[in-house]
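Asks: Structure: upload-v4.cif, mmCIF, C-alpha atoms.
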data_entry
loop_
_atom_site.label_atom_id
_atom_site.label_comp_id
_atom_site.auth_asym_id
_atom_site.auth_seq_id
_atom_site.Cartn_x
_atom_site.Cartn_y
_atom_site.Cartn_z
CA MET A 1430 -0.18 1.65 -8.31
CA ASP A 1431 -2.59 -0.44 -10.38
CA SER A 1432 -5.38 -2.47 -8.77
CA PRO A 1433 -4.91 -6.13 -9.69
CA TRP A 1434 -8.60 -6.73 -8.97
CA ARG A 1435 -9.59 -4.26 -11.69
CA ALA A 1436 -6.99 -5.34 -14.26
CA PRO A 1437 -7.47 -7.71 -17.21
CA GLY A 1438 -5.90 -11.15 -17.18
CA ASP A 1439 -5.93 -14.21 -14.96
CA TRP A 1440 -4.72 -14.82 -11.43
CA LEU A 1441 -1.39 -16.64 -11.82
CA LYS A 1442 0.26 -18.33 -8.85
CA ALA A 1443 3.94 -17.44 -8.97
CA ALA A 1444 7.12 -18.61 -7.22
CA LEU A 1445 9.68 -15.89 -7.87
CA HIS A 1446 12.74 -16.83 -5.79
CA MET A 1447 14.35 -20.29 -5.95
CA HIS A 1448 17.72 -21.96 -6.47
CA THR A 1449 18.84 -24.88 -8.62
CA THR A 1450 22.00 -26.97 -8.90
CA ASN A 1451 23.46 -24.06 -10.88
CA SER A 1452 24.11 -22.41 -7.50
CA ASP A 1453 23.14 -23.89 -4.10
CA GLY A 1454 19.87 -25.71 -4.75
CA GLU A 1455 19.14 -29.44 -4.84
CA LEU A 1456 17.28 -29.83 -8.17
CA ALA A 1457 18.33 -29.04 -11.74
CA PRO A 1458 16.40 -26.21 -13.44
CA ARG A 1459 14.00 -28.44 -15.41
CA ALA A 1460 13.29 -30.61 -12.38
CA LEU A 1461 12.68 -27.62 -10.11
CA ALA A 1462 10.30 -26.03 -12.61
CA ARG A 1463 8.41 -29.34 -12.88
CA HIS A 1464 8.29 -29.57 -9.07
CA TYR A 1465 6.48 -26.24 -8.86
CA GLY A 1466 4.30 -27.03 -11.86
CA ARG A 1467 3.07 -30.20 -10.18
CA ALA A 1468 2.26 -28.13 -7.08
CA GLY A 1469 -0.14 -25.97 -9.13
CA TYR A 1470 2.01 -22.96 -9.93
CA ASP A 1471 1.56 -20.99 -13.14
CA VAL A 1472 4.84 -19.00 -13.07
CA VAL A 1473 8.33 -19.68 -11.72
CA ALA A 1474 11.47 -17.55 -11.80
CA LEU A 1475 14.81 -19.38 -11.53
CA THR A 1476 17.02 -17.05 -9.49
CA ASP A 1477 20.37 -18.72 -8.94
CA HIS A 1478 23.24 -16.80 -7.36
CA TRP A 1479 25.25 -15.08 -10.12
CA HIS A 1480 23.95 -17.49 -12.77
CA ARG A 1481 21.17 -17.07 -15.33
CA SER A 1482 19.29 -20.37 -15.26
CA GLU A 1483 16.72 -21.41 -17.83
CA ALA A 1484 14.16 -24.16 -18.36
CA PRO A 1485 11.50 -24.55 -21.04
CA SER A 1486 8.02 -23.17 -20.47
CA SER A 1487 4.89 -25.18 -21.16
CA PRO A 1488 1.26 -24.22 -21.83
CA ASP A 1489 0.62 -24.50 -18.09
CA LEU A 1490 3.83 -23.05 -16.67
CA VAL A 1491 5.74 -19.89 -17.63
CA VAL A 1492 9.41 -20.23 -16.65
CA LEU A 1493 11.33 -16.96 -16.35
CA PRO A 1494 15.13 -16.82 -16.28
CA GLY A 1495 16.47 -14.82 -13.39
CA VAL A 1496 19.37 -14.24 -11.04
CA GLU A 1497 20.21 -13.25 -7.47
CA LEU A 1498 23.07 -10.76 -7.31
CA ASN A 1499 24.99 -9.45 -4.33
CA CYS A 1500 25.17 -5.69 -3.83
CA LEU A 1501 26.53 -3.16 -1.38
CA LEU A 1502 23.95 -1.70 1.04
CA PRO A 1503 24.34 1.09 3.63
CA GLU A 1504 26.76 0.42 6.50
CA ASP A 1505 28.67 -1.92 4.18
CA ARG A 1506 25.97 -4.59 4.48
CA ASP A 1507 25.93 -7.33 1.86
CA GLY A 1508 22.58 -7.12 0.06
CA HIS A 1509 20.89 -9.47 -2.39
CA VAL A 1510 18.87 -8.36 -5.40
CA LEU A 1511 16.56 -10.49 -7.54
CA GLY A 1512 16.68 -9.91 -11.28
CA ILE A 1513 13.53 -11.52 -12.72
CA GLY A 1514 13.35 -12.02 -16.48
CA ILE A 1515 16.91 -11.00 -17.37
CA GLU A 1516 18.10 -11.65 -20.92
CA ARG A 1517 21.86 -11.26 -20.39
CA ASP A 1518 24.48 -13.40 -18.66
CA PRO A 1519 25.51 -12.02 -15.24
CA ALA A 1520 28.96 -13.49 -15.83
CA GLU A 1521 29.73 -10.18 -17.53
CA LEU A 1522 29.74 -8.62 -14.04
CA ALA A 1523 32.66 -10.87 -13.07
CA GLY A 1524 31.29 -11.17 -9.53
CA GLU A 1525 31.64 -7.43 -8.93
CA ARG A 1526 29.53 -6.27 -5.98
CA ARG A 1527 28.10 -2.90 -7.00
CA ASP A 1528 25.87 -0.59 -4.99
CA LEU A 1529 22.10 -1.10 -5.06
CA ALA A 1530 21.46 1.52 -7.76
CA ALA A 1531 24.10 0.14 -10.13
CA THR A 1532 22.91 -3.42 -9.54
CA GLY A 1533 19.33 -2.42 -10.31
CA ASP A 1534 20.49 -0.54 -13.41
CA TRP A 1535 22.24 -3.66 -14.73
CA ILE A 1536 19.11 -5.79 -14.17
CA VAL A 1537 16.87 -3.29 -15.95
CA ASP A 1538 19.35 -2.94 -18.83
CA ALA A 1539 19.29 -6.75 -19.08
CA GLY A 1540 15.51 -6.67 -19.58
CA GLY A 1541 14.60 -7.73 -16.04
CA VAL A 1542 12.74 -6.45 -12.99
CA ALA A 1543 14.75 -5.83 -9.81
CA TYR A 1544 13.58 -6.51 -6.23
CA LEU A 1545 15.64 -6.20 -3.06
CA ALA A 1546 15.60 -9.61 -1.35
CA HIS A 1547 15.03 -10.33 2.37
CA PRO A 1548 16.30 -7.05 3.90
CA TYR A 1549 15.62 -8.21 7.49
CA TRP A 1550 17.70 -11.36 6.99
CA THR A 1551 20.46 -9.25 5.44
CA GLY A 1552 20.73 -7.23 8.66
CA THR A 1553 19.96 -3.88 7.10
CA ARG A 1554 18.34 -1.48 9.56
CA ALA A 1555 14.79 -0.40 8.73
CA GLY A 1556 14.87 3.18 7.54
CA SER A 1557 18.40 2.98 6.19
CA ILE A 1558 17.42 1.72 2.74
CA GLU A 1559 16.71 4.08 -0.14
CA LEU A 1560 15.40 2.24 -3.19
CA PRO A 1561 16.69 3.72 -6.46
CA PRO A 1562 14.26 3.99 -9.39
CA SER A 1563 15.74 0.89 -11.02
CA VAL A 1564 14.72 -1.32 -8.06
CA THR A 1565 10.96 -1.85 -8.16
CA GLY A 1566 10.41 -3.07 -4.60
CA ILE A 1567 11.41 -5.51 -1.86
CA GLU A 1568 10.50 -8.94 -0.52
CA VAL A 1569 8.15 -8.47 2.44
CA PHE A 1570 8.21 -12.17 3.32
CA ASN A 1571 10.80 -14.85 2.54
CA ALA A 1572 9.79 -18.30 3.77
CA GLY A 1573 13.30 -19.75 3.66
CA CYS A 1574 14.70 -17.02 5.89
CA GLU A 1575 11.77 -17.46 8.27
CA LEU A 1576 12.15 -21.26 8.43
CA GLU A 1577 15.89 -21.11 9.02
CA VAL A 1578 16.49 -18.16 11.35
CA GLY A 1579 13.14 -16.43 11.94
CA ARG A 1580 14.10 -13.35 9.92
CA GLY A 1581 11.78 -13.70 6.93
CA LEU A 1582 9.32 -10.86 7.62
CA SER A 1583 10.49 -7.42 6.43
CA SER A 1584 7.26 -5.46 6.93
CA VAL A 1585 8.95 -2.80 9.08
CA HIS A 1586 11.51 -2.16 6.33
CA TRP A 1587 8.63 -1.90 3.83
CA ASP A 1588 6.59 0.45 6.00
CA GLU A 1589 9.55 2.79 6.48
CA LEU A 1590 9.93 3.05 2.70
CA LEU A 1591 6.19 3.65 2.29
CA GLN A 1592 6.15 6.25 5.07
CA ASP A 1593 8.96 8.13 3.30
CA GLY A 1594 6.95 8.26 0.08
CA ARG A 1595 8.50 5.31 -1.81
CA LEU A 1596 5.23 3.50 -2.55
CA CYS A 1597 6.85 0.31 -3.74
CA PRO A 1598 5.30 -3.15 -4.14
CA ALA A 1599 6.56 -6.19 -2.24
CA LEU A 1600 6.94 -9.86 -3.16
CA VAL A 1601 6.19 -12.92 -1.06
CA THR A 1602 8.50 -15.83 -1.89
CA ASP A 1603 9.85 -19.24 -0.88
CA ASP A 1604 13.57 -18.76 -1.66
CA SER A 1605 13.63 -22.54 -2.00
CA HIS A 1606 16.91 -24.45 -1.84
CA HIS A 1607 15.53 -27.79 -0.62
CA PRO A 1608 12.30 -28.41 -2.58
CA GLY A 1609 9.77 -30.46 -0.68
CA PHE A 1610 10.99 -28.95 2.58
CA ASP A 1611 11.18 -25.19 1.91
CA SER A 1612 8.94 -24.95 -1.17
CA ASP A 1613 5.25 -24.03 -1.50
CA HIS A 1614 5.19 -22.00 1.71
CA ALA A 1615 4.80 -18.50 0.22
CA TRP A 1616 3.81 -17.17 -3.19
CA THR A 1617 2.69 -14.18 -5.23
CA TRP A 1618 -0.66 -13.97 -7.02
CA ILE A 1619 -0.05 -12.03 -10.25
CA ARG A 1620 -2.86 -10.55 -12.37
CA ALA A 1621 -1.63 -10.97 -15.94
CA GLU A 1622 -1.86 -12.86 -19.18
CA ARG A 1623 0.08 -16.11 -19.34
CA ASP A 1624 3.15 -14.72 -21.11
CA ARG A 1625 6.49 -13.23 -20.18
CA GLU A 1626 5.87 -9.59 -21.06
CA SER A 1627 2.50 -9.40 -19.31
CA ILE A 1628 3.93 -11.01 -16.17
CA LEU A 1629 6.98 -8.71 -16.06
CA ASP A 1630 4.75 -5.68 -16.60
CA ALA A 1631 2.58 -6.77 -13.66
CA LEU A 1632 5.70 -7.07 -11.50
CA ARG A 1633 6.83 -3.60 -12.54
CA THR A 1634 3.45 -1.99 -11.78
CA GLY A 1635 2.38 -3.89 -8.67
CA ARG A 1636 -0.52 -5.87 -10.14
CA PHE A 1637 -0.22 -8.67 -7.59
CA TYR A 1638 -0.55 -9.57 -3.94
CA GLY A 1639 1.39 -11.99 -1.76
CA SER A 1640 0.20 -14.81 0.47
CA THR A 1641 1.15 -17.75 2.63
CA GLY A 1642 -2.44 -19.03 2.49
CA PRO A 1643 -5.39 -16.59 2.45
CA LEU A 1644 -7.07 -15.58 -0.80
CA LEU A 1645 -8.14 -11.96 -1.30
CA HIS A 1646 -11.19 -12.23 -3.55
CA ASP A 1647 -11.64 -8.47 -3.95
CA VAL A 1648 -10.19 -5.23 -2.59
CA GLU A 1649 -11.86 -1.95 -3.50
CA THR A 1650 -11.03 1.60 -2.45
CA THR A 1651 -14.20 3.73 -2.21
CA ASP A 1652 -15.30 7.05 -0.71
CA ALA A 1653 -16.43 5.06 2.33
CA GLY A 1654 -13.06 3.39 2.82
CA VAL A 1655 -11.50 0.09 1.78
CA VAL A 1656 -13.74 -2.94 1.30
CA VAL A 1657 -12.10 -6.36 1.29
CA ARG A 1658 -13.59 -9.81 0.62
CA CYS A 1659 -11.51 -12.87 1.38
CA THR A 1660 -11.34 -16.46 2.54
CA PRO A 1661 -12.05 -16.84 6.29
CA ALA A 1662 -9.88 -14.48 8.34
CA ARG A 1663 -9.40 -13.93 12.04
CA SER A 1664 -8.19 -10.37 11.43
CA ILE A 1665 -7.91 -7.77 8.67
CA THR A 1666 -5.74 -4.72 9.21
CA LEU A 1667 -5.34 -1.56 7.15
CA LEU A 1668 -1.95 0.03 7.78
CA THR A 1669 -1.94 3.75 6.93
CA GLY A 1670 1.00 5.32 8.75
CA LYS A 1671 3.14 5.23 11.87
CA THR A 1672 0.31 5.67 14.40
CA SER A 1673 -2.81 5.24 12.28
CA GLY A 1674 -4.78 2.46 10.71
CA ALA A 1675 -7.91 0.37 11.08
CA ALA A 1676 -8.66 -3.24 11.93
CA VAL A 1677 -11.31 -5.88 12.52
CA ASN A 1678 -10.87 -9.05 14.54
CA ALA A 1679 -13.14 -12.09 14.62
CA GLY A 1680 -15.00 -13.46 17.63
CA ARG A 1681 -17.76 -12.37 19.99
CA LEU A 1682 -15.44 -9.84 21.61
CA GLY A 1683 -13.43 -9.18 18.46
CA TYR A 1684 -11.95 -5.71 18.52
CA ARG A 1685 -12.89 -3.22 15.81
CA TYR A 1686 -11.06 0.03 15.23
CA GLY A 1687 -12.17 2.39 12.48
CA ALA A 1688 -13.77 -0.49 10.66
CA GLU A 1689 -16.79 -2.79 10.47
CA ILE A 1690 -17.34 -6.43 9.61
CA LEU A 1691 -19.71 -6.87 6.67
CA GLU A 1692 -19.94 -10.66 6.49
CA VAL A 1693 -18.91 -13.62 8.62
CA SER A 1694 -18.80 -17.37 8.01
CA ASP A 1695 -21.04 -19.82 9.85
CA ASP A 1696 -18.25 -20.39 12.37
CA GLY A 1697 -17.64 -16.68 12.95
CA TRP A 1698 -14.61 -15.89 10.77
CA ILE A 1699 -14.48 -12.66 8.75
CA LEU A 1700 -15.40 -12.89 5.05
CA ALA A 1701 -15.81 -9.18 4.27
CA ALA A 1702 -15.01 -5.91 6.00
CA ARG A 1703 -14.91 -2.16 5.46
CA LEU A 1704 -12.02 -0.15 6.89
CA ASP A 1705 -11.68 3.63 7.16
CA LEU A 1706 -9.03 5.26 4.98
CA PRO A 1707 -8.10 8.83 6.00
CA GLU A 1708 -7.58 11.29 3.15
CA THR A 1709 -4.26 12.32 4.73
CA ALA A 1710 -2.79 8.81 5.02
CA PRO A 1711 0.76 8.72 3.57
CA PHE A 1712 0.11 5.16 2.38
CA ALA A 1713 -2.32 2.30 2.81
CA ARG A 1714 -1.87 -1.44 2.59
CA LEU A 1715 -3.88 -4.43 3.83
CA GLU A 1716 -2.92 -7.54 5.74
CA ALA A 1717 -5.30 -10.46 6.32
CA VAL A 1718 -4.57 -13.30 8.76
CA ASP A 1719 -6.45 -16.59 8.57
CA PRO A 1720 -7.55 -18.75 11.55
CA THR A 1721 -4.24 -20.68 11.51
CA GLY A 1722 -2.03 -17.56 11.37
CA LEU A 1723 -1.25 -17.62 7.65
CA ARG A 1724 -1.14 -14.18 6.08
CA ALA A 1725 -1.77 -12.18 2.89
CA TRP A 1726 -0.42 -8.73 1.97
CA THR A 1727 -1.67 -6.24 -0.61
CA ASN A 1728 0.61 -3.75 -2.28
CA PRO A 1729 0.07 -0.05 -1.50
CA LEU A 1730 -3.50 0.77 -2.46
CA TRP A 1731 -4.36 2.87 -5.47
CA PRO A 1732 -6.03 6.31 -5.18
CA ARG A 1733 -9.78 6.59 -4.81
#
Output the file's structure in the form of structure tokens.
Replies:
Amino acid sequence: MDSPWRAPGDWLKAALHMHTTNSDGELAPRALARHYGRAGYDVVALTDHWHRSEAPSSPDLVVLPGVELNCLLPEDRDGHVLGIGIERDPAELAGERRDLAATGDWIVDAGGVAYLAHPYWTGTRAGSIELPPSVTGIEVFNAGCELEVGRGLSSVHWDELLQDGRLCPALVTDDSHHPGFDSDHAWTWIRAERDRESILDALRTGRFYGSTGPLLHDVETTDAGVVVRCTPARSITLLTGKTSGAAVNAGRLGYRYGAEILEVSDDGWILAARLDLPETAPFARLEAVDPTGLRAWTNPLWPR
């Protein structure tokens, strides 16, 4: 998976899951895009249920058409799949709920990028999902699901996929239906040029990270481990498998495990750390938590 910190382009703040009056949202497509543009976003994807919504882009805001489709998951669970950047009308599916592979195939054939939405909210058991090649990854955090029923965090589902060798990226999204109330809580920082093809390529290859607040200024994988530099954090954790990992925690008695703090702020929060990365780790990903509990997630880290 590509390192976004070593890739060309700009950091673009992206909202990639939202709903307009074309399905069950409260604002029309143009108004919703403007809402996010005023909040400082560079990219939005309009992902109405079973409807391809559009709005014009501007020099400051790239608007991608998208969709959220239902699909059939294991144990006859009803799944949802985002299709970002599609160029065809999902009406041709006539509301047919296909399995995950066929749904992903349709999205890819329509020119889009497919991500499995909010698997924890859906009720799918961790470990039961097998992502087909046409589905790039999952949502690891969905703010709307967290605000409504406390089921927005799907990190266990993600880690089970990673542990099994499916080193997929994961989005962080709002899933906004009521802008102003459930918008601007969670976003994805994409490393890309400010155009459709560059953004979709970054989503296909994992050149992004997700956040509800913290900024990750730099993440580098070296022979000595993983070095991360970020806005003030109370903890940074490197997840590398079912019973392995490394972590640093802030404070006079802050616990360190397989890691060291390299720099702290004047008030004692972590600004930089180095974490051990075993050669045999099946995967590695970082999470940083800021002093208020807001979080950032990297995608699976690239080889040394």
Asks: Residues proximal to (5.8, 12.0, -0.8) were defined as those with any atom within 12 Å of that point in the file's coordinates, counting only C-alpha atoms. Which are they, as a list in words?
Replies: Leu1590, Leu1591, Gln1592, Asp1593, Gly1594, Arg1595, Leu1596, Thr1709, Ala1710, Pro1711 and Phe1712 of chain A
Asks: Please tell me which residues are no farther than 7 Å from (1.3, -12.5, -2.1) in the file, counting all atoms listed in the file, and write them as a VMD selection string.
Replies: chain A and resid 1600 to 1601 1616 to 1618 1637 to 1640 1725 to 1726
Asks: Quick one: distance from atom CA of Tyr1465 of chain A to atom CA of Ala1539 of chain A in Å, one decimal?
Replies: 25.5 Å
Asks: How many Å lie between atom CA of Gly1454 of chain A and atom CA of Ile1558 of chain A, rounded to one decimal?
Replies: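 Value for the atom CA of Gly1454 of chain A-atom CA of Ile1558 of chain A distance: 28.5 Å.
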Asks: Could you check how far atom CA of Asp1624 of chain A sits from atom CA of Ala1436 of chain A, in Å to one decimal?
Replies: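 Interatomic distance here is 15.4 Å.
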Asks: Residues at most 12 Å from Asp1696 of chain A, counting only C-alpha atoms, excluding those fewer than 3 positions away in the same chain, as a VMD selection string?
Replies: chain A and resid 1661 to 1663 1679 to 1681 1692 to 1693 1699 to 1700 1720
Asks: Evaluate the PyMOL selection byres ((chain A and resi 1515-1532) around 9) on the structure here and hand back the selected residues as an MDAnalysis selection string.
Replies: chainID A and resid 1479:1481 1493:1496 1498:1503 1507:1510 1512:1514 1533:1543 1545 1559:1564
Asks: If you count all atoms listed in the file, which residues fall within 8 Å of segment 1482-1492 of chain A, apart from same-chain ones fewer than 6 positions away, as an NGL selection string?
Replies: :A and (1451 or 1458-1459 or 1462 or 1466 or 1470-1476 or 1623-1625)
Asks: Can you turn the PyMOL selection byres ((chain A and resi 1674) around 12) into a concrete residue list for this file, as a PyMOL selection string?
Replies: chain A and resi 1654-1655+1665-1673+1675-1677+1685-1688+1704-1716
Asks: Leu1461 of chain A: which residues within 9 Å, counting all atoms listed in the file, same-chain residues fewer than 6 positions away excluded, as a list in words?
Replies: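 After dropping sequence-adjacent residues, the list is Met1447, His1448, Thr1449, Glu1455, Leu1475 and Pro1608 of chain A.
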Asks: Might you pull out every residue within 7 Å of Arg1724 of chain A, with only C-alpha atoms counted and same-chain residues fewer than 5 positions away left off, and present them as a ChimeraX atom specification?
Replies: /A:1640-1643,1716-1719
Asks: Calculated over only C-alpha atoms, which of the candidates A:Ser1664, A:Thr1727, A:Thr1565, A:Thr1551 has the smallest distance to Asp1630 of chain A?
Replies: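 Selected residue with least distance to Asp1630 of chain A: A:Thr1565.
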Asks: Choose the residue, out of A:Cys1574, A:Ala1468, A:Ile1619, A:Ala1457, that has the smallest atom-to-atom separation from Gly1438 of chain A; count all atoms listed in the file.
Replies: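 Under the stated criterion, the closest residue is A:Ile1619.
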Asks: Can you list, as a ChimeraX atom specification, the residues that the PyMOL selection byres ((chain A and resi 1611) around 10) selects here?
Replies: /A:1447,1572-1574,1576-1577,1603-1610,1612-1615
Asks: I'd like the neighbourhood of segment 1649-1653 of chain A as a list in words, where a residue qualifies if any of its atoms comes within 9 Å (using all atoms listed in the file), though same-chain residues fewer than 6 positions away should be ignored.
Replies: Ser1432, Trp1434, Arg1435, Arg1703, Leu1704, Asp1705, Leu1706, Leu1730, Trp1731, Pro1732 and Arg1733 of chain A
Asks: Would you output that residue set with C-alpha atoms, as a tab-separated table (two decimals), in the coordinates of the input?
Replies:
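Output (selection22.tsv):
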chain	number	residue	atom	x	y	z
A	1432	SER	CA	-5.38	-2.47	-8.77
A	1434	TRP	CA	-8.60	-6.73	-8.97
A	1435	ARG	CA	-9.59	-4.26	-11.69
A	1703	ARG	CA	-14.91	-2.16	5.46
A	1704	LEU	CA	-12.02	-0.15	6.89
A	1705	ASP	CA	-11.68	3.63	7.16
A	1706	LEU	CA	-9.03	5.26	4.98
A	1730	LEU	CA	-3.50	0.77	-2.46
A	1731	TRP	CA	-4.36	2.87	-5.47
A	1732	PRO	CA	-6.03	6.31	-5.18
A	1733	ARG	CA	-9.78	6.59	-4.81
Asks: Which of these, A:Asp1453, A:Leu1582, A:Gly1697, A:Thr1553, has the shortest distance to Leu1682 of chain A once you count all atoms listed in the file?
Replies: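 Smallest distance to Leu1682 of chain A is found for A:Gly1697.
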Asks: How big is the axis-aligned box, and where does its centre sit, when it encloses all atoms of segment 1665-1668 of chain A listed in the file and has 3 Å added on every side, reported in Å to one decimal as lines of an AutoDock Vina configuration file?
Replies:
center_x = -4.9
center_y = -3.9
center_z = 8.2
size_x = 12.0
size_y = 13.8
size_z = 8.1
